[in-house]
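Below: the structure, in structure tokens.
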Number of protein chains: 2
Amino acid sequence: MGVEPQRSPRTTRQQVAILDVLGSAKKFCSAQQIHSTLVRRHQDVALATVYRTLKTLSDSGELDVIFSEGEALYRRCKSIEHHHHLVCRECGVSVEIENPDLETWAAAVASAHGFESVDHTLELYGTCRRCSSGK
Amino acid sequence: MGVEPQRSPRTTRQQVAILDVLGSAKKFCSAQQIHSTLVRRHQDVALATVYRTLKTLSDSGELDVIFSEGEALYRRCKSIEHHHHLVCRECGVSVEIENPDLETWAAAVASAHGFESVDHTLELYGTCRRCSSGK
DNA sequence: CTTGCTGCAAAATCTTTGCACCATA
DNA sequence: TATGGTGCAAAGATTTTGCAGCAAG
């Protein structure tokens with residue numbers, strides 16, 4: 001078994017601020033967006049630090065990452081279990097969703113083609129009620 | 001319904017060369033990889049043209065795109081129907097797979113949360129037989 | 001001939017990294 | 001006070017774009 005990546009041994013003002021932004025966001029955010037939010041809140045953190053922190057946190061599994069249009073988007077999720085998201089294309093709001101059957105299906109398809117240690121990515125993109133009524 | 005994006009009105013040596021590389025590839029390739037292959041084949045095409053052509057082709061639906069680790073990977077697929085892929089993390093070989101039930105599930109989950117015009121991305125990543133036996 | 005496509009180079013993004021300094025534990 | 005974390009600036013990587021010239025139809 002692989003060893004779980006460790007969390008940093010020190011708690012800093014910057015990390016707290018970044019986690020705070022992620023905690024109050026119900027959407028996936030890019031490093032740049034988080035950085036802007038921090039600046040707006042007068043809690044400046046260097047962009048490089050935002051990137052480093054997000055990488056560390058996602059490596060340790062504390063953040064979920066999705067790649068959209070060439071950039072990484074991060075979100076702190078409630079569930080630690082494997083799950084997926086229903087994301088609004090307009091505003092980015094996202095809902096955590098589950099699909100237990102998918103695991104079984106994925107494993108079956110994989111072994112049928114001789115693939116091992118299979119993993120999967122699944123995200124749903126749509127327009128949320130608020131955004132579709134807005135226009 | 002939306003109008004299907006059009007294919008370019010002119011057929012050029014460059015486009016043919018790019019489609020040829022994609023046609024002989026059973027894996028998802030990045031723009032850079034396609035460019036390298038073209039150079040290796042002495043069919044040089046400017047990198048910018050490769051990017052432009054790939055964008056045009058994927059916009060018109062002739063190419064499937066997936067984002068992996070921050071870069072776009074393209075593949076010309078056999079089926080025009082909506083489908084997914086089982087991709088090898090090591091060598092990139094991919095197999096086209098289907099999951100009809102997913103559409104139904106996605107639509108249900110979406111409407112349950114008030115989302116409209118939902119779309120989804122699903123890709124399986126694993127290690128193919130050749131790669132897992134190789135090492 | 002027309003004008004869409006290409007090549008080239010510059011630039012825009014997103015992300016990473018080297019290094020000196022700061023601050024947590 | 002030791003050393004992990006941070007800030008800053010520079011560098012890397014991927015992708016886009018402006019513009020002049022080429023070439024398909």
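Each chain in the structure tokens gets a letter, A, B, ..., in the order shown, and its residues are numbered from 1; ligands are numbered from 1 in order too.
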| said: Show me, as number ranges by chain, the residues that have an atom within 8 Å of range 14-19 of chain D when counting only C-alpha atoms (C1' of nucleotides), minus same-chain residues fewer than 6 positions from it. | reply: B: 51, 71; C: 11-13
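Shell of Leu38 in chain B at 12 Å, with only C-alpha atoms (C1' of nucleotides) counted and residues fewer than 5 places along the chain excluded, is B:Arg13, B:Gln14, B:Gln15, B:Val16, B:Ala17, B:Ile18, B:Leu19, B:Asp20, B:Val21, B:Leu22, B:Ala31, B:Gln32, B:Gln33, B:Gln43, B:Asp44, B:Val45, B:Ala46, B:Leu47, B:Thr49, B:Val50.
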Taking N, CA, C and O atoms for each residue, export the selection above as an mmCIF file, in the first residue's frame.
data_model
loop_
_atom_site.group_PDB
_atom_site.id
_atom_site.type_symbol
_atom_site.label_atom_id
_atom_site.label_comp_id
_atom_site.auth_asym_id
_atom_site.auth_seq_id
_atom_site.Cartn_x
_atom_site.Cartn_y
_atom_site.Cartn_z
ATOM 1 N N ARG B 13 -2.478 20.761 -47.333
ATOM 2 C CA ARG B 13 -1.475 19.728 -47.088
ATOM 3 C C ARG B 13 -1.348 19.537 -45.581
ATOM 4 O O ARG B 13 -1.315 18.419 -45.073
ATOM 5 N N GLN B 14 -1.315 20.652 -44.830
ATOM 6 C CA GLN B 14 -1.151 20.599 -43.378
ATOM 7 C C GLN B 14 -2.273 19.853 -42.680
ATOM 8 O O GLN B 14 -2.035 19.007 -41.814
ATOM 9 N N GLN B 15 -3.511 20.148 -43.085
ATOM 10 C CA GLN B 15 -4.646 19.482 -42.453
ATOM 11 C C GLN B 15 -4.636 17.992 -42.727
ATOM 12 O O GLN B 15 -4.909 17.184 -41.837
ATOM 13 N N VAL B 16 -4.294 17.637 -43.946
ATOM 14 C CA VAL B 16 -4.239 16.228 -44.303
ATOM 15 C C VAL B 16 -3.187 15.523 -43.460
ATOM 16 O O VAL B 16 -3.426 14.441 -42.921
ATOM 17 N N ALA B 17 -2.026 16.157 -43.326
ATOM 18 C CA ALA B 17 -0.935 15.557 -42.560
ATOM 19 C C ALA B 17 -1.337 15.348 -41.103
ATOM 20 O O ALA B 17 -1.075 14.298 -40.515
ATOM 21 N N ILE B 18 -1.997 16.351 -40.533
ATOM 22 C CA ILE B 18 -2.414 16.248 -39.137
ATOM 23 C C ILE B 18 -3.457 15.145 -38.961
ATOM 24 O O ILE B 18 -3.357 14.326 -38.048
ATOM 25 N N LEU B 19 -4.433 15.104 -39.848
ATOM 26 C CA LEU B 19 -5.460 14.065 -39.746
ATOM 27 C C LEU B 19 -4.837 12.690 -39.945
ATOM 28 O O LEU B 19 -5.292 11.706 -39.362
ATOM 29 N N ASP B 20 -3.792 12.631 -40.750
ATOM 30 C CA ASP B 20 -3.123 11.372 -40.996
ATOM 31 C C ASP B 20 -2.446 10.868 -39.728
ATOM 32 O O ASP B 20 -2.516 9.688 -39.397
ATOM 33 N N VAL B 21 -1.808 11.763 -39.017
ATOM 34 C CA VAL B 21 -1.149 11.375 -37.767
ATOM 35 C C VAL B 21 -2.212 10.886 -36.798
ATOM 36 O O VAL B 21 -2.067 9.843 -36.158
ATOM 37 N N LEU B 22 -3.303 11.627 -36.697
ATOM 38 C CA LEU B 22 -4.372 11.245 -35.783
ATOM 39 C C LEU B 22 -4.994 9.921 -36.199
ATOM 40 O O LEU B 22 -5.386 9.115 -35.355
ATOM 41 N N ALA B 31 -0.882 18.440 -28.820
ATOM 42 C CA ALA B 31 -0.514 19.192 -30.014
ATOM 43 C C ALA B 31 0.985 19.048 -30.251
ATOM 44 O O ALA B 31 1.432 18.866 -31.382
ATOM 45 N N GLN B 32 1.738 19.115 -29.193
ATOM 46 C CA GLN B 32 3.192 19.029 -29.301
ATOM 47 C C GLN B 32 3.623 17.666 -29.852
ATOM 48 O O GLN B 32 4.536 17.580 -30.675
ATOM 49 N N GLN B 33 2.974 16.597 -29.370
ATOM 50 C CA GLN B 33 3.326 15.262 -29.848
ATOM 51 C C GLN B 33 3.033 15.143 -31.336
ATOM 52 O O GLN B 33 3.820 14.581 -32.090
ATOM 53 N N GLN B 43 7.176 16.116 -42.532
ATOM 54 C CA GLN B 43 5.975 16.763 -43.057
ATOM 55 C C GLN B 43 5.710 17.978 -42.188
ATOM 56 O O GLN B 43 4.595 18.182 -41.712
ATOM 57 N N ASP B 44 6.735 18.747 -41.959
ATOM 58 C CA ASP B 44 6.657 19.906 -41.082
ATOM 59 C C ASP B 44 5.419 20.787 -41.242
ATOM 60 O O ASP B 44 5.040 21.155 -42.341
ATOM 61 N N VAL B 45 4.838 21.072 -40.075
ATOM 62 C CA VAL B 45 3.686 21.962 -40.011
ATOM 63 C C VAL B 45 3.974 22.835 -38.793
ATOM 64 O O VAL B 45 4.450 22.337 -37.778
ATOM 65 N N ALA B 46 3.716 24.118 -38.933
ATOM 66 C CA ALA B 46 3.985 25.015 -37.807
ATOM 67 C C ALA B 46 3.155 24.620 -36.592
ATOM 68 O O ALA B 46 1.996 24.218 -36.725
ATOM 69 N N LEU B 47 3.767 24.744 -35.429
ATOM 70 C CA LEU B 47 3.073 24.379 -34.201
ATOM 71 C C LEU B 47 1.755 25.149 -34.073
ATOM 72 O O LEU B 47 0.730 24.585 -33.695
ATOM 73 N N THR B 49 -0.142 26.151 -36.362
ATOM 74 C CA THR B 49 -1.131 25.566 -37.270
ATOM 75 C C THR B 49 -1.704 24.286 -36.677
ATOM 76 O O THR B 49 -2.897 24.005 -36.821
ATOM 77 N N VAL B 50 -0.845 23.524 -36.008
ATOM 78 C CA VAL B 50 -1.320 22.298 -35.378
ATOM 79 C C VAL B 50 -2.381 22.676 -34.341
ATOM 80 O O VAL B 50 -3.475 22.113 -34.318
#
Picked from range 11-44 of chain A by DSSP as alpha helix (DSSP H), as a PyMOL selection string: chain A and resi 13-24+31-40
Please produce an output containing N, CA, C and O atoms for each residue in the selection, written as a PDB file, in the first residue's frame.
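Once everything was written out, this is part21.pdb:
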ATOM      1  N   ARG A  13      -0.312  31.481   8.562  1.00  0.00           N
ATOM      2  CA  ARG A  13      -1.393  32.429   8.289  1.00  0.00           C
ATOM      3  C   ARG A  13      -1.907  32.205   6.874  1.00  0.00           C
ATOM      4  O   ARG A  13      -3.106  32.186   6.613  1.00  0.00           O
ATOM      5  N   GLN A  14      -0.968  32.003   5.925  1.00  0.00           N
ATOM      6  CA  GLN A  14      -1.320  31.829   4.522  1.00  0.00           C
ATOM      7  C   GLN A  14      -2.186  30.600   4.284  1.00  0.00           C
ATOM      8  O   GLN A  14      -3.200  30.662   3.578  1.00  0.00           O
ATOM      9  N   GLN A  15      -1.779  29.484   4.874  1.00  0.00           N
ATOM     10  CA  GLN A  15      -2.552  28.260   4.684  1.00  0.00           C
ATOM     11  C   GLN A  15      -3.963  28.396   5.240  1.00  0.00           C
ATOM     12  O   GLN A  15      -4.928  27.946   4.631  1.00  0.00           O
ATOM     13  N   VAL A  16      -4.061  29.011   6.398  1.00  0.00           N
ATOM     14  CA  VAL A  16      -5.368  29.200   7.014  1.00  0.00           C
ATOM     15  C   VAL A  16      -6.250  30.039   6.107  1.00  0.00           C
ATOM     16  O   VAL A  16      -7.419  29.714   5.863  1.00  0.00           O
ATOM     17  N   ALA A  17      -5.666  31.119   5.576  1.00  0.00           N
ATOM     18  CA  ALA A  17      -6.431  32.006   4.709  1.00  0.00           C
ATOM     19  C   ALA A  17      -6.919  31.279   3.465  1.00  0.00           C
ATOM     20  O   ALA A  17      -8.072  31.427   3.056  1.00  0.00           O
ATOM     21  N   ILE A  18      -6.051  30.478   2.881  1.00  0.00           N
ATOM     22  CA  ILE A  18      -6.428  29.744   1.665  1.00  0.00           C
ATOM     23  C   ILE A  18      -7.530  28.726   1.969  1.00  0.00           C
ATOM     24  O   ILE A  18      -8.526  28.634   1.250  1.00  0.00           O
ATOM     25  N   LEU A  19      -7.373  27.988   3.051  1.00  0.00           N
ATOM     26  CA  LEU A  19      -8.392  27.014   3.412  1.00  0.00           C
ATOM     27  C   LEU A  19      -9.698  27.709   3.732  1.00  0.00           C
ATOM     28  O   LEU A  19     -10.779  27.165   3.494  1.00  0.00           O
ATOM     29  N   ASP A  20      -9.607  28.913   4.257  1.00  0.00           N
ATOM     30  CA  ASP A  20     -10.801  29.659   4.597  1.00  0.00           C
ATOM     31  C   ASP A  20     -11.579  30.035   3.332  1.00  0.00           C
ATOM     32  O   ASP A  20     -12.802  29.916   3.278  1.00  0.00           O
ATOM     33  N   VAL A  21     -10.839  30.463   2.333  1.00  0.00           N
ATOM     34  CA  VAL A  21     -11.491  30.812   1.067  1.00  0.00           C
ATOM     35  C   VAL A  21     -12.157  29.569   0.496  1.00  0.00           C
ATOM     36  O   VAL A  21     -13.318  29.600   0.071  1.00  0.00           O
ATOM     37  N   LEU A  22     -11.429  28.472   0.498  1.00  0.00           N
ATOM     38  CA  LEU A  22     -11.975  27.228  -0.038  1.00  0.00           C
ATOM     39  C   LEU A  22     -13.170  26.763   0.776  1.00  0.00           C
ATOM     40  O   LEU A  22     -14.138  26.225   0.232  1.00  0.00           O
ATOM     41  N   GLY A  23     -13.126  27.001   2.067  1.00  0.00           N
ATOM     42  CA  GLY A  23     -14.213  26.560   2.929  1.00  0.00           C
ATOM     43  C   GLY A  23     -15.509  27.302   2.657  1.00  0.00           C
ATOM     44  O   GLY A  23     -16.595  26.724   2.716  1.00  0.00           O
ATOM     45  N   SER A  24     -15.387  28.576   2.342  1.00  0.00           N
ATOM     46  CA  SER A  24     -16.597  29.352   2.089  1.00  0.00           C
ATOM     47  C   SER A  24     -17.054  29.304   0.641  1.00  0.00           C
ATOM     48  O   SER A  24     -18.061  29.900   0.282  1.00  0.00           O
ATOM     49  N   ALA A  31      -6.418  28.704  -8.929  1.00  0.00           N
ATOM     50  CA  ALA A  31      -5.431  29.314  -8.038  1.00  0.00           C
ATOM     51  C   ALA A  31      -5.542  30.834  -8.142  1.00  0.00           C
ATOM     52  O   ALA A  31      -5.496  31.538  -7.137  1.00  0.00           O
ATOM     53  N   GLN A  32      -5.707  31.309  -9.356  1.00  0.00           N
ATOM     54  CA  GLN A  32      -5.787  32.747  -9.581  1.00  0.00           C
ATOM     55  C   GLN A  32      -7.013  33.354  -8.893  1.00  0.00           C
ATOM     56  O   GLN A  32      -6.932  34.438  -8.303  1.00  0.00           O
ATOM     57  N   GLN A  33      -8.144  32.653  -8.961  1.00  0.00           N
ATOM     58  CA  GLN A  33      -9.355  33.168  -8.321  1.00  0.00           C
ATOM     59  C   GLN A  33      -9.165  33.250  -6.818  1.00  0.00           C
ATOM     60  O   GLN A  33      -9.579  34.212  -6.173  1.00  0.00           O
ATOM     61  N   ILE A  34      -8.561  32.215  -6.257  1.00  0.00           N
ATOM     62  CA  ILE A  34      -8.329  32.201  -4.816  1.00  0.00           C
ATOM     63  C   ILE A  34      -7.414  33.347  -4.435  1.00  0.00           C
ATOM     64  O   ILE A  34      -7.644  34.050  -3.453  1.00  0.00           O
ATOM     65  N   HIS A  35      -6.406  33.558  -5.259  1.00  0.00           N
ATOM     66  CA  HIS A  35      -5.480  34.652  -5.000  1.00  0.00           C
ATOM     67  C   HIS A  35      -6.201  35.998  -5.023  1.00  0.00           C
ATOM     68  O   HIS A  35      -6.009  36.833  -4.147  1.00  0.00           O
ATOM     69  N   SER A  36      -7.076  36.191  -6.007  1.00  0.00           N
ATOM     70  CA  SER A  36      -7.828  37.451  -6.101  1.00  0.00           C
ATOM     71  C   SER A  36      -8.698  37.652  -4.875  1.00  0.00           C
ATOM     72  O   SER A  36      -8.768  38.755  -4.321  1.00  0.00           O
ATOM     73  N   THR A  37      -9.360  36.584  -4.462  1.00  0.00           N
ATOM     74  CA  THR A  37     -10.230  36.670  -3.300  1.00  0.00           C
ATOM     75  C   THR A  37      -9.427  37.085  -2.070  1.00  0.00           C
ATOM     76  O   THR A  37      -9.853  37.932  -1.293  1.00  0.00           O
ATOM     77  N   LEU A  38      -8.254  36.502  -1.942  1.00  0.00           N
ATOM     78  CA  LEU A  38      -7.410  36.830  -0.792  1.00  0.00           C
ATOM     79  C   LEU A  38      -7.013  38.302  -0.822  1.00  0.00           C
ATOM     80  O   LEU A  38      -7.038  38.978   0.203  1.00  0.00           O
ATOM     81  N   VAL A  39      -6.689  38.795  -1.993  1.00  0.00           N
ATOM     82  CA  VAL A  39      -6.295  40.197  -2.127  1.00  0.00           C
ATOM     83  C   VAL A  39      -7.489  41.077  -1.759  1.00  0.00           C
ATOM     84  O   VAL A  39      -7.353  42.043  -1.013  1.00  0.00           O
ATOM     85  N   ARG A  40      -8.665  40.708  -2.273  1.00  0.00           N
ATOM     86  CA  ARG A  40      -9.874  41.474  -1.988  1.00  0.00           C
ATOM     87  C   ARG A  40     -10.151  41.511  -0.487  1.00  0.00           C
ATOM     88  O   ARG A  40     -10.619  42.507   0.049  1.00  0.00           O
TER      89      ARG A  40
END
- Query: What are the residues of chain C that have an atom within 12 Å of an atom of chain B, counting only C-alpha atoms (C1' of nucleotides), as a ChimeraX atom specification?
  - Reply: /C:3-9,13-15
**Asked** Would you give me, as a ChimeraX atom specification, the residues in range 36-135 of chain A that DSSP reads as strand (DSSP E)?
**Response** /A:64-68,71-75,84-88,94-97,116-127
Residue subset to file, keeping N, CA, C and O atoms, as a short mmCIF file (atom, residue, chain, number, x, y, z; two decimals), in the first residue's frame:
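Produced file out19.cif, reproduced below:
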data_model
loop_
_atom_site.label_atom_id
_atom_site.label_comp_id
_atom_site.auth_asym_id
_atom_site.auth_seq_id
_atom_site.Cartn_x
_atom_site.Cartn_y
_atom_site.Cartn_z
N ASP A 64 -10.27 18.39 -3.86
CA ASP A 64 -10.60 17.70 -5.09
C ASP A 64 -10.16 18.61 -6.22
O ASP A 64 -10.27 19.83 -6.12
N VAL A 65 -9.66 18.03 -7.26
CA VAL A 65 -9.20 18.82 -8.40
C VAL A 65 -9.89 18.38 -9.67
O VAL A 65 -10.11 17.19 -9.88
N ILE A 66 -10.24 19.32 -10.51
CA ILE A 66 -10.75 18.95 -11.82
C ILE A 66 -10.04 19.89 -12.80
O ILE A 66 -9.60 20.97 -12.42
N PHE A 67 -9.86 19.44 -14.02
CA PHE A 67 -9.21 20.26 -15.02
C PHE A 67 -10.28 20.73 -15.98
O PHE A 67 -11.01 19.92 -16.55
N SER A 68 -10.40 22.03 -16.11
CA SER A 68 -11.39 22.57 -17.00
C SER A 68 -10.75 23.62 -17.89
O SER A 68 -10.16 24.56 -17.38
N GLU A 71 -7.09 24.63 -17.10
CA GLU A 71 -6.60 25.08 -15.80
C GLU A 71 -7.15 24.20 -14.70
O GLU A 71 -8.22 23.60 -14.84
N ALA A 72 -6.41 24.11 -13.61
CA ALA A 72 -6.82 23.26 -12.50
C ALA A 72 -7.77 24.03 -11.60
O ALA A 72 -7.53 25.19 -11.29
N LEU A 73 -8.86 23.38 -11.21
CA LEU A 73 -9.83 24.00 -10.32
C LEU A 73 -9.91 23.15 -9.07
O LEU A 73 -9.96 21.93 -9.13
N TYR A 74 -9.88 23.82 -7.93
CA TYR A 74 -9.88 23.12 -6.65
C TYR A 74 -11.13 23.37 -5.83
O TYR A 74 -11.72 24.44 -5.89
N ARG A 75 -11.46 22.36 -5.03
CA ARG A 75 -12.60 22.52 -4.14
C ARG A 75 -12.41 21.63 -2.92
O ARG A 75 -11.85 20.53 -3.02
N HIS A 84 -18.37 12.40 -7.20
CA HIS A 84 -18.27 13.21 -8.41
C HIS A 84 -18.96 14.54 -8.21
O HIS A 84 -19.43 14.82 -7.11
N HIS A 85 -19.02 15.35 -9.27
CA HIS A 85 -19.65 16.66 -9.14
C HIS A 85 -20.54 17.04 -10.29
O HIS A 85 -20.33 16.62 -11.42
N LEU A 86 -21.52 17.84 -9.95
CA LEU A 86 -22.43 18.41 -10.94
C LEU A 86 -22.06 19.88 -10.86
O LEU A 86 -22.29 20.53 -9.85
N VAL A 87 -21.41 20.36 -11.91
CA VAL A 87 -20.90 21.73 -11.91
C VAL A 87 -21.63 22.65 -12.89
O VAL A 87 -21.94 22.24 -14.01
N CYS A 88 -21.90 23.87 -12.44
CA CYS A 88 -22.56 24.83 -13.32
C CYS A 88 -21.52 25.49 -14.23
O CYS A 88 -20.54 26.04 -13.74
N SER A 94 -21.17 23.94 -7.49
CA SER A 94 -21.13 22.51 -7.71
C SER A 94 -21.78 21.73 -6.59
O SER A 94 -21.84 22.17 -5.45
N VAL A 95 -22.31 20.59 -6.95
CA VAL A 95 -22.99 19.72 -6.01
C VAL A 95 -22.24 18.39 -6.01
O VAL A 95 -21.84 17.92 -7.06
N GLU A 96 -22.04 17.83 -4.83
CA GLU A 96 -21.34 16.55 -4.77
C GLU A 96 -22.36 15.46 -5.05
O GLU A 96 -23.44 15.45 -4.48
N ILE A 97 -22.03 14.55 -5.92
CA ILE A 97 -22.96 13.47 -6.23
C ILE A 97 -22.25 12.12 -6.17
O ILE A 97 -21.02 12.06 -6.21
N GLU A 116 -5.20 -2.72 -15.60
CA GLU A 116 -5.12 -2.86 -14.15
C GLU A 116 -5.16 -1.52 -13.44
O GLU A 116 -4.99 -0.50 -14.06
N SER A 117 -5.31 -1.61 -12.11
CA SER A 117 -5.41 -0.42 -11.25
C SER A 117 -6.10 0.75 -11.94
O SER A 117 -5.49 1.79 -12.19
N VAL A 118 -7.36 0.53 -12.24
CA VAL A 118 -8.12 1.56 -12.92
C VAL A 118 -8.81 2.55 -11.99
O VAL A 118 -9.33 2.20 -10.94
N ASP A 119 -8.77 3.73 -12.44
CA ASP A 119 -9.23 4.90 -11.76
C ASP A 119 -10.18 5.59 -12.75
O ASP A 119 -10.13 5.28 -13.93
N HIS A 120 -11.01 6.51 -12.28
CA HIS A 120 -11.82 7.21 -13.27
C HIS A 120 -12.17 8.64 -12.88
O HIS A 120 -12.08 9.01 -11.72
N THR A 121 -12.53 9.40 -13.86
CA THR A 121 -12.93 10.78 -13.61
C THR A 121 -14.32 10.92 -14.23
O THR A 121 -14.56 10.42 -15.32
N LEU A 122 -15.21 11.54 -13.52
CA LEU A 122 -16.57 11.76 -14.02
C LEU A 122 -17.07 13.07 -13.45
O LEU A 122 -17.03 13.27 -12.24
N GLU A 123 -17.45 13.96 -14.31
CA GLU A 123 -18.01 15.23 -13.85
C GLU A 123 -19.18 15.57 -14.77
O GLU A 123 -19.15 15.27 -15.96
N LEU A 124 -20.20 16.15 -14.19
CA LEU A 124 -21.36 16.56 -14.99
C LEU A 124 -21.33 18.09 -15.06
O LEU A 124 -21.07 18.75 -14.06
N TYR A 125 -21.53 18.62 -16.24
CA TYR A 125 -21.54 20.07 -16.42
C TYR A 125 -22.89 20.48 -16.97
O TYR A 125 -23.39 19.88 -17.92
N GLY A 126 -23.49 21.49 -16.35
CA GLY A 126 -24.79 21.95 -16.83
C GLY A 126 -25.00 23.40 -16.43
O GLY A 126 -24.05 24.09 -16.08
N THR A 127 -26.23 23.84 -16.48
CA THR A 127 -26.54 25.21 -16.08
C THR A 127 -27.48 25.12 -14.90
O THR A 127 -28.53 24.48 -14.98
#
